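File shown: final39.csv (CSV, C-alpha atoms and all ligand atoms).
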chain,number,residue,atom,x,y,z
A,1174,MET,CA,-19.5,-22.4,-4.0
A,1175,ARG,CA,-18.5,-21.0,-7.4
A,1176,ASP,CA,-19.2,-17.3,-6.4
A,1177,LYS,CA,-16.7,-17.6,-3.6
A,1178,GLU,CA,-13.9,-18.3,-6.0
A,1179,LEU,CA,-11.5,-15.4,-6.0
A,1180,TYR,CA,-9.2,-14.0,-8.6
A,1181,SER,CA,-6.1,-11.9,-8.0
A,1182,ILE,CA,-6.0,-8.8,-10.4
A,1183,ARG,CA,-2.8,-7.0,-10.7
A,1184,MET,CA,-2.1,-4.0,-12.9
A,1185,ARG,CA,0.9,-1.8,-13.5
A,1186,ALA,CA,1.3,0.9,-16.1
A,1187,SER,CA,4.3,3.0,-17.2
A,1188,GLU,CA,5.3,5.8,-19.6
A,1189,GLY,CA,8.4,5.7,-21.8
A,1190,GLY,CA,8.5,1.9,-22.1
A,1191,ALA,CA,7.8,-1.0,-19.7
A,1192,HIS,CA,9.0,-0.6,-16.1
A,1193,GLU,CA,11.8,-3.2,-16.8
A,1194,ASP,CA,13.0,-1.1,-19.7
A,1195,GLY,CA,13.3,2.1,-17.6
A,1196,GLY,CA,9.8,3.5,-18.1
A,1197,LYS,CA,8.4,5.8,-15.5
A,1198,HIS,CA,5.9,4.1,-13.1
A,1199,VAL,CA,2.5,5.7,-13.6
A,1200,SER,CA,-0.1,3.6,-11.8
A,1201,GLY,CA,-0.7,0.2,-10.2
A,1202,GLY,CA,-3.3,-1.7,-8.4
A,1203,GLU,CA,-3.8,-5.1,-6.7
A,1204,GLN,CA,-7.2,-6.5,-5.8
A,1205,LEU,CA,-9.1,-9.8,-5.1
A,1206,SER,CA,-12.3,-10.2,-7.0
A,1207,THR,CA,-15.1,-12.6,-7.4
A,1208,LYS,CA,-15.7,-14.0,-10.9
A,1209,ASN,CA,-18.8,-11.9,-11.2
A,1210,GLU,CA,-17.0,-8.6,-10.7
A,1211,LEU,CA,-13.8,-9.5,-12.4
A,1212,ILE,CA,-14.3,-7.8,-15.8
A,1213,ASP,CA,-15.6,-4.5,-14.3
A,1214,ARG,CA,-12.8,-4.3,-11.7
A,1215,ALA,CA,-10.1,-5.1,-14.3
A,1216,ALA,CA,-11.6,-2.4,-16.6
A,1217,SER,CA,-11.6,0.2,-13.8
A,1218,LEU,CA,-7.9,-0.5,-13.1
A,1219,VAL,CA,-7.2,0.1,-16.8
A,1220,ARG,CA,-9.3,3.2,-16.7
A,1221,ARG,CA,-7.4,4.4,-13.6
A,1222,ALA,CA,-4.1,4.0,-15.4
A,1223,PHE,CA,-5.2,5.9,-18.5
A,1224,SER,CA,-6.6,8.9,-16.5
A,1225,HIS,CA,-3.6,9.2,-14.2
A,1226,GLN,CA,-1.9,12.4,-13.3
A,1227,ARG,CA,1.5,10.9,-13.3
A,1228,GLY,CA,1.4,10.4,-17.1
A,1229,GLU,CA,0.0,8.8,-20.1
A,1230,PRO,CA,0.9,5.1,-20.1
A,1231,ASP,CA,2.4,3.4,-23.2
A,1232,PHE,CA,2.8,0.1,-21.3
A,1233,LEU,CA,0.2,-1.7,-19.2
A,1234,ARG,CA,0.4,-5.2,-17.8
A,1235,LEU,CA,-2.8,-6.8,-16.4
A,1236,THR,CA,-2.4,-10.1,-14.7
A,1237,ILE,CA,-5.4,-12.2,-13.6
A,1238,GLU,CA,-4.9,-15.4,-11.6
A,1239,LYS,CA,-7.4,-17.6,-9.9
A,1240,VAL,CA,-6.5,-18.0,-6.2
A,1241,SER,CA,-6.3,-21.5,-5.0
A,1242,GLU,CA,-4.8,-20.9,-1.6
A,1243,PRO,CA,-7.0,-20.5,1.5
A,1244,VAL,CA,-7.9,-16.8,2.1
A,1245,HIS,CA,-7.3,-15.4,5.5
A,1246,GLY,CA,-9.7,-12.9,7.1
A,1247,LEU,CA,-8.0,-10.0,9.0
A,1248,THR,CA,-9.6,-7.3,11.2
A,1249,PRO,CA,-8.8,-3.8,9.9
A,1250,LEU,CA,-6.3,-1.8,11.9
A,1251,PRO,CA,-8.1,1.0,13.8
A,1252,VAL,CA,-8.0,4.3,11.9
A,1253,SER,CA,-7.0,7.7,13.4
A,1254,TYR,CA,-6.2,11.0,11.9
A,1255,THR,CA,-4.1,14.1,12.6
A,1256,GLN,CA,-4.8,17.3,10.8
A,1257,VAL,CA,-1.6,19.3,10.2
A,1258,SER,CA,-1.1,22.7,8.6
A,1259,ASN,CA,1.8,22.0,6.4
A,1260,ALA,CA,4.1,19.2,5.1
A,1261,SER,CA,6.9,19.8,7.6
A,1262,GLN,CA,4.5,19.5,10.5
A,1263,GLY,CA,3.3,16.3,8.9
A,1264,ARG,CA,6.8,14.9,8.8
A,1265,LEU,CA,7.2,15.6,12.5
A,1266,VAL,CA,4.0,13.8,13.3
A,1267,ALA,CA,5.1,10.8,11.2
A,1268,GLU,CA,8.5,10.8,13.0
A,1269,ASP,CA,6.8,10.9,16.4
A,1270,LEU,CA,4.6,7.9,15.5
A,1271,LEU,CA,7.5,6.0,14.1
A,1272,LYS,CA,9.3,6.5,17.4
A,1273,GLN,CA,6.3,5.1,19.2
A,1274,THR,CA,6.8,1.9,17.3
A,1275,GLY,CA,10.3,1.7,18.8
A,1276,LEU,CA,12.4,3.1,16.0
A,1277,THR,CA,15.3,5.5,16.9
A,1278,GLU,CA,15.7,8.9,15.5
A,1279,GLN,CA,18.9,7.9,13.8
A,1280,VAL,CA,17.2,5.0,12.0
A,1281,ILE,CA,14.3,7.2,11.0
A,1282,VAL,CA,16.6,9.8,9.5
A,1283,LYS,CA,18.5,7.2,7.6
A,1284,ALA,CA,15.4,5.5,6.3
A,1285,MET,CA,14.0,8.8,5.1
A,1286,SER,CA,17.2,9.5,3.2
A,1287,VAL,CA,17.0,6.0,1.6
A,1288,LEU,CA,13.4,6.8,0.6
A,1289,GLU,CA,14.5,10.1,-1.1
A,1290,THR,CA,16.9,8.1,-3.3
A,1291,CYS,CA,14.2,5.6,-4.1
A,1292,TYR,CA,11.4,7.9,-5.4
A,1293,GLY,CA,10.1,6.3,-8.6
A,1294,VAL,CA,10.4,2.7,-7.2
A,1295,ARG,CA,7.0,1.1,-8.0
A,1296,GLY,CA,6.7,-0.9,-4.9
A,1297,ALA,CA,7.6,-0.7,-1.2
A,1298,ILE,CA,11.1,-0.7,0.2
A,1299,ILE,CA,12.1,-3.0,3.1
A,1300,ILE,CA,14.2,-1.3,5.9
A,1301,ASP,CA,16.1,-3.0,8.7
A,1302,SER,CA,14.6,-1.4,11.8
A,1303,SER,CA,17.9,-1.5,13.7
A,1304,THR,CA,20.0,0.2,11.0
A,1305,GLY,CA,17.8,2.1,8.6
A,1306,ASP,CA,19.3,0.3,5.7
A,1307,ARG,CA,17.4,-1.0,2.7
A,1308,ILE,CA,17.5,-4.8,2.7
A,1309,ASP,CA,15.2,-6.0,-0.1
A,1310,GLY,CA,17.5,-5.9,-3.1
A,1311,ARG,CA,14.6,-5.3,-5.4
A,1312,HIS,CA,15.9,-2.1,-7.0
A,1313,ASP,CA,13.3,-0.2,-9.0
A,1314,LYS,CA,10.7,-2.9,-8.6
A,1315,GLY,CA,10.4,-2.9,-4.8
A,1316,ILE,CA,7.7,-5.1,-3.4
A,1317,ARG,CA,4.1,-4.9,-4.5
A,1318,VAL,CA,1.8,-6.2,-1.8
A,1319,SER,CA,-0.8,-8.2,-3.7
A,1320,ARG,CA,-3.8,-10.5,-3.2
A,1321,LEU,CA,-5.6,-8.3,-0.8
A,1322,ASP,CA,-9.0,-6.6,-0.5
A,1323,TRP,CA,-12.1,-6.1,1.5
A,1324,ASN,CA,-15.0,-8.4,1.7
A,1325,GLU,CA,-17.4,-6.0,-0.1
A,1326,ALA,CA,-20.3,-6.2,2.4
A,1327,ASP,CA,-17.9,-5.8,5.3
A,1328,TYR,CA,-16.5,-2.6,3.7
A,1329,THR,CA,-19.9,-1.1,3.5
A,1330,CYS,CA,-20.6,-2.0,7.2
A,1331,TRP,CA,-17.2,-0.6,8.2
A,1332,LEU,CA,-17.9,2.7,6.5
A,1333,GLU,CA,-21.3,2.9,8.2
A,1334,HIS,CA,-20.0,1.9,11.6
A,1335,PHE,CA,-17.3,4.6,11.6
A,1336,GLN,CA,-19.3,7.1,9.7
A,1337,MET,CA,-16.6,7.3,7.1
A,1338,GLU,CA,-16.9,8.8,3.6
A,1339,LYS,CA,-16.0,6.5,0.7
A,1340,ASN,CA,-12.3,7.0,-0.2
A,1341,GLN,CA,-10.7,4.7,-2.7
A,1342,ARG,CA,-7.2,5.4,-1.4
A,1343,LEU,CA,-8.1,4.4,2.1
A,1344,ARG,CA,-10.1,1.5,0.8
A,1345,GLU,CA,-6.9,0.1,-0.8
A,1346,ALA,CA,-4.3,1.3,1.8
A,1347,LEU,CA,-6.0,-0.1,4.8
A,1348,PRO,CA,-6.0,-3.8,3.7
A,1349,LEU,CA,-2.3,-3.3,2.7
A,1350,ALA,CA,-1.3,-1.8,6.0
A,1351,THR,CA,-3.3,-4.4,7.9
A,1352,LYS,CA,-1.7,-7.2,5.9
A,1353,VAL,CA,1.8,-5.8,6.5
A,1354,ALA,CA,1.2,-5.1,10.2
A,1355,SER,CA,-0.1,-8.6,10.9
A,1356,HIS,CA,3.2,-10.2,10.0
A,1357,PRO,CA,5.3,-10.8,13.1
A,1358,ASP,CA,8.4,-9.3,11.6
A,1359,SER,CA,6.8,-6.0,10.7
A,1360,VAL,CA,7.7,-3.1,13.0
A,1361,ALA,CA,6.1,-0.1,11.2
A,1362,GLU,CA,5.0,1.2,7.8
A,1363,PHE,CA,5.4,4.7,6.4
A,1364,CYS,CA,3.6,5.8,3.2
A,1365,PHE,CA,2.6,8.8,1.2
A,1366,SER,CA,1.4,8.8,-2.4
A,1367,ASP,CA,3.5,9.5,-5.5
A,1368,ASP,CA,0.4,11.1,-7.1
A,1369,PRO,CA,0.9,14.9,-7.3
A,1370,ASP,CA,-2.6,15.8,-5.9
A,1371,TYR,CA,-2.8,13.3,-3.0
A,1372,ILE,CA,-1.0,14.7,0.0
A,1373,THR,CA,-2.4,12.6,2.8
A,1374,GLY,CA,0.0,9.9,4.2
A,1375,TYR,CA,0.1,7.5,7.1
A,1376,VAL,CA,2.1,5.6,9.6
A,1377,ALA,CA,0.9,2.1,10.5
A,1378,SER,CA,1.7,-0.7,12.9
A,1379,LYS,CA,0.0,-3.0,15.3
A,1380,LYS,CA,0.9,-0.6,18.1
A,1381,VAL,CA,-0.2,2.8,16.5
A,1382,GLY,CA,-2.9,1.4,14.2
A,1383,TYR,CA,-3.4,3.1,10.9
A,1384,HIS,CA,-2.7,6.8,11.6
A,1385,ARG,CA,-3.5,9.2,8.8
A,1386,ILE,CA,-1.7,12.5,8.5
A,1387,SER,CA,-3.4,15.2,6.4
A,1388,GLN,CA,-0.3,16.6,4.6
A,1389,MET,CA,3.0,14.8,3.9
A,1390,LYS,CA,4.2,16.9,0.9
A,1391,GLU,CA,3.3,19.9,-1.2
A,1392,ARG,CA,0.5,19.6,-3.7
A,1393,GLY,CA,2.0,19.1,-7.2
A,1394,ASP,CA,4.9,17.0,-5.9
A,1395,GLU,CA,5.3,13.7,-7.7
A,1396,ASN,CA,7.5,12.1,-5.1
A,1397,GLY,CA,6.2,9.5,-2.7
A,1398,GLY,CA,6.8,5.9,-1.5
A,1399,ARG,CA,6.4,3.2,1.1
A,1400,LEU,CA,8.7,1.9,3.7
A,1401,PHE,CA,8.3,-1.4,5.6
A,1402,PHE,CA,10.5,-1.5,8.7
A,1403,VAL,CA,11.2,-5.0,9.8
A,1404,ASN,CA,13.0,-6.8,12.7
A,1405,PRO,CA,16.7,-7.4,12.0
A,1406,GLN,CA,16.0,-11.2,12.3
A,1407,CYS,CA,13.4,-11.1,9.4
A,1408,HIS,CA,13.8,-13.7,6.8
A,1409,VAL,CA,13.4,-11.3,3.9
A,1410,SER,CA,12.5,-13.7,1.1
A,1411,SER,CA,9.7,-15.4,3.2
A,1412,TYR,CA,8.5,-12.0,4.2
A,1413,ILE,CA,8.3,-10.9,0.6
A,1414,ASP,CA,6.6,-14.2,-0.3
A,1415,TYR,CA,3.9,-13.5,2.3
A,1416,LEU,CA,3.3,-9.9,1.1
A,1417,GLU,CA,3.1,-10.9,-2.6
A,1418,LYS,CA,1.3,-14.2,-2.4
A,1419,GLU,CA,-0.8,-14.8,0.7
A,1420,PRO,CA,-4.5,-13.9,0.0
A,1421,ILE,CA,-6.2,-11.8,2.7
A,1422,LEU,CA,-9.6,-10.1,2.9
A,1423,LEU,CA,-10.5,-7.6,5.6
A,1424,LYS,CA,-13.6,-8.6,7.5
A,1425,GLY,CA,-16.1,-6.5,9.4
A,1426,VAL,CA,-15.9,-4.7,12.7
B,1501,LIG,N1,2.5,-2.7,-2.5
B,1501,LIG,C1,3.6,-2.1,-2.1
B,1501,LIG,N2,3.9,-0.8,-2.3
B,1501,LIG,C2,3.0,-0.1,-3.0
B,1501,LIG,C3,1.8,-0.7,-3.4
B,1501,LIG,C4,1.5,-2.0,-3.1
B,1501,LIG,N3,0.4,-2.7,-3.5
B,1501,LIG,N4,1.0,0.3,-4.1
B,1501,LIG,C5,1.8,1.4,-4.0
B,1501,LIG,N5,2.9,1.2,-3.4
B,1501,LIG,C6,4.0,2.1,-3.1
B,1501,LIG,C7,4.7,2.7,-4.4
B,1501,LIG,O1,6.1,2.8,-4.1
B,1501,LIG,C8,4.1,4.0,-4.6
B,1501,LIG,O2,5.0,4.9,-5.1
B,1501,LIG,C9,3.7,4.4,-3.2
B,1501,LIG,O3,3.5,3.2,-2.4
B,1501,LIG,C10,2.4,5.2,-3.1
B,1501,LIG,O4,1.4,4.5,-3.8
B,1501,LIG,O5,-5.7,7.2,4.3
B,1501,LIG,O6,-2.4,6.5,-2.8
B,1501,LIG,O7,-0.9,4.2,-4.6
B,1501,LIG,O8,-6.1,8.7,2.8
B,1501,LIG,O9,0.2,6.5,-4.9
B,1501,LIG,C11,-2.2,6.8,1.5
B,1501,LIG,C12,-3.2,7.5,2.3
B,1501,LIG,C13,-2.4,6.9,0.1
B,1501,LIG,C14,-4.6,7.0,2.2
B,1501,LIG,C15,-1.4,6.1,-0.6
B,1501,LIG,O10,-0.4,5.5,-2.6
B,1501,LIG,C16,-5.5,7.7,3.2
B,1501,LIG,C17,-1.4,6.1,-2.1
B,1501,LIG,P1,0.0,5.2,-4.1
B,1502,MG,MG,0.5,6.4,-7.0
Final structure tokens representation of the file:
Amino acid sequence: MRDKELYSIRMRASEGGAHEDGGKHVSGGEQLSTKNELIDRAASLVRRAFSHQRGEPDFLRLTIEKVSEPVHGLTPLPVSYTQVSNASQGRLVAEDLLKQTGLTEQVIVKAMSVLETCYGVRGAIIIDSSTGDRIDGRHDKGIRVSRLDWNEADYTCWLEHFQMEKNQRLREALPLATKVASHPDSVAEFCFSDDPDYITGYVASKKVGYHRISQMKERGDENGGRLFFVNPQCHVSSYIDYLEKEPILLKGV
């Protein structure tokens, strides 16, 4: 069926030159689209980049590839939410959730200090869950989880079922967190946006689900990032291959 053919769309935009030439990461996006929606969705990613608060891009790369591999359906992680009154409370809630996934305080502290030195990396950072060390070797690139999205009709049903408001951030972060959590080597994920006006973050894992935390930083702060904690036995290059290449769609509740 031609309309079931999917295309991977990837966008990354930077200011002050291309990322590889030291430009500042402004915006990125990864989606799976039908051919019908391809042009509109690509245009909306370009629009996103050129109306972004992190800066005015002078470099944008748009990559469109037809997906020939089989697409796996995944059930979205359950979503929960903690309202906090400030960023330091948010950090404590995140730390507590990370401990529930089995990480020690020492590892969490180490990983958070790694993250602080990696603000500005355009992808995620892989952390050994037994040491807190960064193990991906991808420098400023990190790992961009790609080829992921919702089945459109299932997204609408999911919103209705849980009486959720539409939220583009959550729409994109939930497939990402679900894809990451469904790999057997993943232990936990921690994320908050690098966009200055988006302060909600989350911790995710098979065990704790997708747990949103209302405030992870001060409004106006351009720092943010993503950590993937993995088993020490993880074969990192196959793990990265899975995150970048395997097509997944979230399916209904
Ligand atoms: N793969 C891996 N890492 C990524 C990706 C990706 N596809 N997209 C973004 N990142 C990393 C990158 O280092 C960014 O600096 C960081 O994550 C934050 O990205 O429930 O908007 O797109 O309300 O700014 C989470 C809460 C919002 C959503 C996250 O992240 C909710 C967000 P942003
Ligand atoms: Mg961002």
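Note that the spacing between CA of Asn1209 (chain A) and CA of Tyr1180 (chain A) amounts to 10.2 Å.
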Taking all atoms listed in the file into account, which residues have an atom no farther than 9 Å from ligand LIG 1501 (chain B)? I'd like them as a PyMOL selection string. chain A and resi 1183+1198-1204+1252+1254+1291-1298+1314-1321+1340-1347+1349+1364-1369+1371-1375+1383-1387+1396-1400+1416-1417
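Of the residues listed (A:Lys1380, A:Asp1394, A:His1356, A:Ile1212), A:Asp1394 shows the shortest atom-to-atom separation from ligand MG 1502 (chain B); distances use all atoms listed in the file.
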For CA of Thr1207 (chain A) and CA of Glu1338 (chain A), determine how far apart the two atoms are, in Å to one decimal place. 24.1 Å
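CA of Ala1216 (chain A) to CA of Tyr1328 (chain A) spans 20.9 Å [interatomic distance, one decimal].
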Selection: 9 Å around Glu1242 (chain A), all atoms listed in the file, excl. self and same-chain fewer than 2 positions, as a PyMOL selection string: chain A and resi 1240+1244+1419-1420
Neighbour list for Ala1361 (chain A) as number ranges by chain, cut-off 7 Å, all atoms listed in the file, skip fewer than 5 positions in-chain: A: 1271, 1274, 1377-1378, 1401-1402
Of the candidates A:Glu1238, A:Glu1325, A:Asp1414, A:Glu1362, which one gets nearest to Glu1268 (chain A) if we count only C-alpha atoms? A:Glu1362
Let me know the centre plus edge lengths, in Å and rounded to one decimal, of a box with edges along x, y and z that contains all listed atoms of region 1348-1356 of chain A and is padded by 3 Å on every side, as lines of an AutoDock Vina configuration file.
center_x = -1.4
center_y = -6.0
center_z = 6.8
size_x = 15.2
size_y = 14.4
size_z = 14.2
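Contact shell of Val1282 (chain A) at 12 Å (only C-alpha atoms; same-chain neighbours under 2 positions omitted): Arg1264, Leu1265, Ala1267, Glu1268, Leu1271, Lys1272, Leu1276, Thr1277, Glu1278, Gln1279, Val1280, Ala1284, Met1285, Ser1286, Val1287, Leu1288, Glu1289, Ile1300, Ser1302, Thr1304, Gly1305 and Asp1306 of chain A.
Between ligand MG 1502 (chain B) and the candidates A:Gly1196, A:Gly1246, A:Gly1228, A:Gly1190, the tightest atom-to-atom separation, counting only C-alpha atoms and all ligand atoms, involves A:Gly1228.
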Selection: 9 Å around Gln1406 (chain A), only C-alpha atoms, excl. self and same-chain fewer than 3 positions, as an mmCIF file with C-alpha atoms, keeping the file's coordinate frame:
data_model
loop_
_atom_site.group_PDB
_atom_site.id
_atom_site.type_symbol
_atom_site.label_atom_id
_atom_site.label_comp_id
_atom_site.auth_asym_id
_atom_site.auth_seq_id
_atom_site.Cartn_x
_atom_site.Cartn_y
_atom_site.Cartn_z
ATOM 1 C CA ASP A 1301 16.100 -3.000 8.700
ATOM 2 C CA ASP A 1358 8.400 -9.300 11.600
ATOM 3 C CA VAL A 1403 11.200 -5.000 9.800
ATOM 4 C CA VAL A 1409 13.400 -11.300 3.900
#
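Across A:Leu1332, A:Met1337, A:Leu1270, A:Ile1413, the tightest approach to Phe1363 (chain A) is made by A:Leu1270 when counting all atoms listed in the file.
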For ligand MG 1502 (chain B), which residue among A:Val1257, A:Val1266, A:Ala1222, A:Ala1350 is the nearest when counting only C-alpha atoms and all ligand atoms? A:Ala1222
